[in-house]
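**Q** Dropping in target.txt, with compact mmCIF, C-alpha atoms.
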# COMPACT_ATOMS: atom_id res chain seq x y z
CA MET N 190 87.04 130.90 253.35
CA LYS N 191 88.01 129.17 250.13
CA GLU N 192 89.41 132.45 248.80
CA ARG N 193 91.46 133.00 251.98
CA LYS N 194 92.99 129.55 251.56
CA ARG N 195 93.79 130.30 247.93
CA MET N 196 95.34 133.61 248.98
CA LYS N 197 97.48 131.83 251.57
CA MET N 198 98.66 129.39 248.89
CA MET N 199 99.41 132.32 246.59
CA LYS N 200 101.50 134.01 249.31
CA ILE N 201 103.46 130.80 249.91
CA SER N 202 104.05 130.35 246.16
CA ALA N 203 105.15 133.99 245.82
CA GLY N 204 107.50 133.55 248.80
CA ILE N 205 109.08 130.41 247.30
CA PHE N 206 109.40 132.10 243.91
CA GLY N 207 111.03 135.19 245.48
CA ALA N 208 113.44 133.04 247.51
CA LEU N 209 114.40 131.05 244.39
CA VAL N 210 115.06 134.24 242.41
CA VAL N 211 117.31 135.60 245.19
CA ALA N 212 119.08 132.23 245.56
CA PHE N 213 119.64 132.14 241.81
CA TRP N 214 121.12 135.65 241.88
CA LEU N 215 123.42 134.71 244.77
CA LEU N 216 124.54 131.63 242.86
CA ILE N 217 125.43 133.79 239.85
CA LEU N 218 127.25 136.20 242.20
CA TYR N 219 129.23 133.27 243.64
CA VAL N 220 130.15 132.01 240.16
CA GLU N 221 131.04 135.55 239.02
CA MET N 222 133.33 136.07 242.03
CA GLY N 223 135.27 133.00 240.93
CA TYR N 224 136.29 134.91 237.79
CA GLY N 225 137.99 137.65 239.84
CA PRO N 226 136.79 141.16 240.72
CA LEU N 227 133.15 141.87 239.83
CA SER N 228 132.61 143.80 236.61
CA PRO N 229 130.35 146.89 236.76
CA MET N 230 128.08 145.14 234.24
CA PHE N 231 127.22 142.56 236.87
CA PHE N 232 125.40 145.13 238.98
CA PHE N 233 122.90 145.62 236.15
CA THR N 234 121.51 142.20 237.13
CA LEU N 235 120.33 143.89 240.32
CA ILE N 236 117.77 145.87 238.27
CA PRO N 237 115.65 142.85 237.19
CA LEU N 238 116.14 141.29 240.63
CA ILE N 239 114.74 144.33 242.44
CA ALA N 240 112.04 144.81 239.78
CA ILE N 241 110.85 141.19 240.13
CA LEU N 242 110.78 141.32 243.93
CA ALA N 243 109.03 144.73 243.99
CA LEU N 244 106.40 143.56 241.47
CA LEU N 245 105.87 140.38 243.47
CA VAL N 246 105.26 142.30 246.71
CA PHE N 247 103.05 144.85 244.92
CA PHE N 248 100.77 142.26 243.28
CA VAL N 249 100.50 140.02 246.34
CA ARG N 250 99.57 142.99 248.56
CA ARG N 251 97.03 144.25 246.02
CA ARG N 252 95.43 140.82 245.70
CA ASP N 253 95.42 140.40 249.48
CA LYS N 254 93.57 143.69 249.95
CA ALA N 255 91.04 142.73 247.28
CA VAL N 256 90.39 139.30 248.82
CA LYS N 257 89.89 140.88 252.26
CA ALA N 258 87.34 143.21 250.64
CA GLY N 259 85.44 140.18 249.32
CA VAL N 260 86.65 140.20 245.70
CA PRO N 261 87.40 136.72 244.35
CA LEU N 262 91.05 136.00 243.67
CA ARG N 263 90.22 134.66 240.23
CA ASP N 264 87.09 134.48 238.17
CA GLU N 265 86.34 132.98 234.77
CA ARG N 266 87.36 136.14 232.88
CA SER N 267 90.68 136.57 234.70
CA GLU N 268 91.42 132.85 234.22
CA ARG N 269 90.72 133.14 230.51
CA ILE N 270 92.96 136.22 230.23
CA GLU N 271 95.81 134.60 232.19
CA ASN N 272 95.64 131.42 230.13
CA ARG N 273 95.72 133.35 226.88
CA ALA N 274 98.53 135.65 228.08
CA GLY N 275 100.54 132.59 229.20
CA ARG N 276 100.08 130.94 225.81
CA TYR N 277 101.17 134.04 223.90
CA ALA N 278 104.10 134.67 226.28
CA MET N 279 105.30 131.11 225.70
CA ILE N 280 105.14 131.52 221.91
CA GLY N 281 106.88 134.93 222.22
CA THR N 282 109.65 133.41 224.34
CA VAL N 283 110.25 130.66 221.77
CA TRP N 284 110.64 133.34 219.06
CA PHE N 285 112.97 135.31 221.34
CA LEU N 286 115.13 132.22 221.96
CA LEU N 287 115.22 131.55 218.22
CA ALA N 288 116.37 135.14 217.62
CA ALA N 289 119.01 134.69 220.35
CA ALA N 290 120.24 131.50 218.63
CA PHE N 291 120.65 133.45 215.38
CA TYR N 292 122.48 136.19 217.29
CA GLN N 293 124.83 133.59 218.74
CA MET N 294 125.36 132.11 215.28
CA PHE N 295 126.27 135.38 213.56
CA MET N 296 127.72 137.53 216.36
CA GLU N 297 131.34 136.80 215.45
CA GLU N 298 130.87 137.56 211.74
CA LEU N 299 128.99 140.77 212.52
CA GLY N 300 131.34 141.84 215.33
CA LEU N 301 128.55 141.88 217.93
CA PRO N 302 129.40 141.49 221.64
CA ASP N 303 129.12 138.09 223.29
CA ILE N 304 126.53 137.86 226.06
CA PRO N 305 127.61 135.43 228.82
CA LEU N 306 125.06 132.75 229.61
CA ARG N 307 124.71 133.91 233.24
CA TYR N 308 123.45 137.30 231.99
CA PHE N 309 121.45 135.80 229.17
CA ILE N 310 119.38 133.71 231.62
CA TRP N 311 118.35 136.93 233.38
CA ILE N 312 117.39 138.49 230.07
CA VAL N 313 115.20 135.47 229.19
CA PHE N 314 113.63 135.60 232.64
CA PHE N 315 112.80 139.26 232.20
CA VAL N 316 111.45 138.73 228.67
CA ILE N 317 109.07 136.00 229.91
CA LEU N 318 107.76 138.24 232.71
CA ALA N 319 107.47 141.30 230.45
CA LEU N 320 105.64 139.33 227.74
CA PHE N 321 103.24 137.75 230.21
CA GLY N 322 102.55 141.07 231.96
CA GLY N 323 102.16 142.92 228.66
CA PHE N 324 99.79 140.37 227.13
CA LYS N 325 97.78 140.18 230.34
CA LEU N 326 97.36 143.94 230.34
CA TYR N 327 96.48 143.96 226.65
CA PHE N 328 93.91 141.16 226.82
CA GLY N 329 92.49 142.58 230.03
CA ARG N 330 91.66 145.83 228.24
CA LYS N 331 90.74 144.43 224.86
CA GLY N 332 87.88 142.11 225.79
CA ASP N 333 87.01 139.01 223.80
CA ALA N 334 83.54 139.51 222.42
CA MET A 262 75.89 140.18 221.33
CA LYS A 263 74.00 142.89 223.19
CA ASN A 264 72.60 142.60 226.68
CA ARG A 265 70.27 144.31 229.13
CA ILE A 266 72.43 143.88 232.24
CA LYS A 267 72.92 147.61 232.84
CA GLU A 268 69.22 148.32 232.44
CA LEU A 269 68.09 145.51 234.76
CA ARG A 270 70.83 146.26 237.26
CA ALA A 271 69.60 149.85 237.52
CA ARG A 272 66.04 148.60 237.89
CA HIS A 273 67.13 146.44 240.83
CA ASN A 274 69.14 149.32 242.32
CA LEU A 275 72.34 147.31 242.23
CA THR A 276 75.83 148.63 241.67
CA GLN A 277 78.32 146.69 239.55
CA GLU A 278 80.07 145.77 242.79
CA ASP A 279 76.82 144.37 244.28
CA LEU A 280 76.08 142.29 241.22
CA ALA A 281 79.68 141.06 241.11
CA ARG A 282 79.44 139.89 244.72
CA LYS A 283 76.09 138.19 244.06
CA VAL A 284 77.47 136.11 241.20
CA GLY A 285 80.98 135.69 242.64
CA VAL A 286 83.06 137.50 240.03
CA ARG A 287 85.17 140.66 239.92
CA ARG A 288 83.61 144.04 239.21
CA GLU A 289 85.62 144.34 235.97
CA THR A 290 83.89 141.21 234.66
CA ILE A 291 80.49 142.87 235.12
CA LEU A 292 81.82 146.04 233.48
CA PHE A 293 83.05 144.12 230.41
CA LEU A 294 79.81 142.12 230.29
CA GLU A 295 77.74 145.30 230.24
CA LYS A 296 79.89 146.80 227.50
CA GLY A 297 79.41 143.62 225.46
CA LYS A 298 83.17 143.07 225.43
CA TYR A 299 83.11 139.73 227.18
CA ASN A 300 81.23 136.55 226.28
CA PRO A 301 80.38 134.81 229.57
CA SER A 302 80.17 131.09 230.16
CA LEU A 303 76.69 129.58 230.27
CA ARG A 304 77.07 129.23 234.05
CA LEU A 305 77.87 132.92 234.56
CA ALA A 306 75.13 134.00 232.14
CA HIS A 307 72.67 131.90 234.15
CA ASP A 308 73.90 133.30 237.48
CA VAL A 309 73.62 136.90 236.27
CA ALA A 310 70.15 136.24 234.87
CA VAL A 311 69.00 134.71 238.18
CA ALA A 312 70.55 137.59 240.18
CA LEU A 313 68.61 140.05 238.01
CA GLY A 314 65.39 138.05 238.22
CA THR A 315 65.22 137.15 234.56
CA THR A 316 66.22 134.46 232.09
CA ILE A 317 69.24 134.16 229.79
CA ASP A 318 67.22 134.75 226.60
CA GLU A 319 65.66 137.86 228.11
CA LEU A 320 69.03 139.15 229.21
CA PHE A 321 71.15 138.52 226.13
CA VAL A 322 70.16 139.61 222.65
CA PHE A 323 72.06 137.86 219.90
CA ASP A 324 72.91 139.83 216.74
CA GLY A 325 70.41 139.24 213.97
CA GLU A 326 67.55 138.38 216.33
Represent the structure from my file as structure tokens, please.
**A**
Amino acid sequence: MKERKRMKMMKISAGIFGALVVAFWLLILYVEMGYGPLSPMFFFTLIPLIAILALLVFFVRRRDKAVKAGVPLRDERSERIENRAGRYAMIGTVWFLLAAAFYQMFMEELGLPDIPLRYFIWIVFFVILALFGGFKLYFGRKGDA
Amino acid sequence: MKNRIKELRARHNLTQEDLARKVGVRRETILFLEKGKYNPSLRLAHDVAVALGTTIDELFVFDGE
């Protein structure tokens, strides 16, 4: 019963997260339209959007099936792995942002293209998710003994 | 740290899934425990020992013992 309640909370959280991601994308679309016709580059932002939503649906459905089969949503090992992956993803994101700051600092001197902030936010978002997913997978296979 | 989980589980005719359900964890946790790739909390070690009808010191063998 407790697990079902947790699963329900997880579904609600996933729904809110998905809605926020879509709302955020629509907001960027609205801002972008203010600059005139949409550039083809803008449609690349659809890739992370679809990827995030598809992953969200995939993981929620998989967890839901497992809970219905009597598997706990989380146990001490999965909690430990998620906490460690979260910690490493946070550190990785800080390093990524630092690298981005250096890029911003030297892009003009080196003749590198400018990345508008509205695209950059998507990149950061994707980096966080990729780092967390990657570390979770790695720690889940590695073990900690 | 080595352990006798696999041996005792077989003696009790339990699958990893059965043992996981008994102690309220995922099957992967039991798998990693058996392989010695996961150090459980004292609580989980106790629960597994009880589920297998033994004690923690009978179940887990520390290196150098």
**Q** Would you write out, as CSV, a table of all residues in chain N that have an atom no more than 10 Å from an atom of chain A, listing for each the closest atom pair and the distance in Å to one decimal, considering only C-alpha atoms and ordering rows by chain and rising residue number?
**A**
residue,atom,partner,partner_atom,distance
N:Ala255,CA,A:Arg287,CA,9.6
N:Gly259,CA,A:Arg282,CA,7.6
N:Val260,CA,A:Arg287,CA,6.0
N:Pro261,CA,A:Val286,CA,6.2
N:Leu262,CA,A:Arg287,CA,8.4
N:Arg263,CA,A:Val286,CA,7.7
N:Asp264,CA,A:Val286,CA,5.4
N:Glu265,CA,A:Val286,CA,7.7
N:Arg266,CA,A:Thr290,CA,6.4
N:Ser267,CA,A:Thr290,CA,8.2
N:Gly329,CA,A:Glu289,CA,9.3
N:Arg330,CA,A:Phe293,CA,9.0
N:Lys331,CA,A:Lys298,CA,7.7
N:Gly332,CA,A:Lys298,CA,4.8
N:Asp333,CA,A:Tyr299,CA,5.2
N:Ala334,CA,A:Lys298,CA,4.7
**Q** Do you have the atom CA of N:Ile304-atom CA of N:Tyr292 distance handy?
**A**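 Result for atom CA of N:Ile304 versus atom CA of N:Tyr292: 9.8 Å, one decimal.
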**Q** Leaving out N:Leu218 and any residue of its chain fewer than 5 positions from it, which residues lie within 10 Å of it when counting only C-alpha atoms, given as a PyMOL selection string?
**A** chain N and resi 212-213+223+227+231-232+234+307
**Q** If I put a ball of radius 9 Å at (112.5, 132.8, 224.9) in the file's coordinates, which residues poke into it when counting all atoms listed in the file, written as a PyMOL selection string?
**A** chain N and resi 278-289+313-314+316-317
**Q** Which residues are close to A:Thr315, i.e. within 12 Å by all atoms listed in the file, leaving aside same-chain residues fewer than 3 positions away? Reply as a list in words.
**A**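 Non-adjacent residues within range: Arg265, Ile266, Leu269, Arg270, Arg272, His273, Ala306, His307, Asp308, Val309, Ala310, Val311, Ala312, Asp318, Glu319, Leu320 and Phe321 of chain A.
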**Q** Report the centre and edge lengths, in Å to one decimal, of an axis-aligned box enclosing every atom of stretch 288-298 of chain A listed in the file, padded by 3 Å on each side, as JSON.
**A**
{"center_x": 81.7, "center_y": 144.0, "center_z": 232.3, "size_x": 13.9, "size_y": 11.6, "size_z": 19.8}
**Q** What does the structure give for the distance between atom CA of N:Pro305 and atom CA of N:Met230, in Å to one decimal?
**A**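 These two atoms are separated by 11.1 Å.
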**Q** Take atom CA of N:Leu216 and atom CA of N:Met296 and report the distance between them in Å, one decimal.
**A**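 Between atom CA of N:Leu216 and atom CA of N:Met296 the gap is 27.3 Å.
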**Q** Need the shell around N:Leu242: protein/DNA/RNA residues with any atom at most 12 Å away, counting all atoms listed in the file. Skip same-chain ones fewer than 5 positions apart. Format as a ChimeraX atom specification?
**A** /N:203-211,214,235-237,247-249
**Q** Kindly indicate which residue among N:Lys191, N:Glu271, N:Tyr224, N:Lys257 lies nearest to N:Phe324, using all atoms listed in the file for the distances.
**A** N:Glu271
**Q** Smallest atom-to-atom distance to N:Ala319: which of N:Gly300, N:Tyr219, N:Ala274, N:Pro229, using all atoms listed in the file?
**A**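 Of the candidates, the smallest distance to N:Ala319 is held by N:Ala274.
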**Q** Rank nothing, just name the residue among N:Leu245, N:Leu215, N:Val256, N:Val220 nearest to N:Arg193, using all atoms listed in the file.
**A** N:Val256
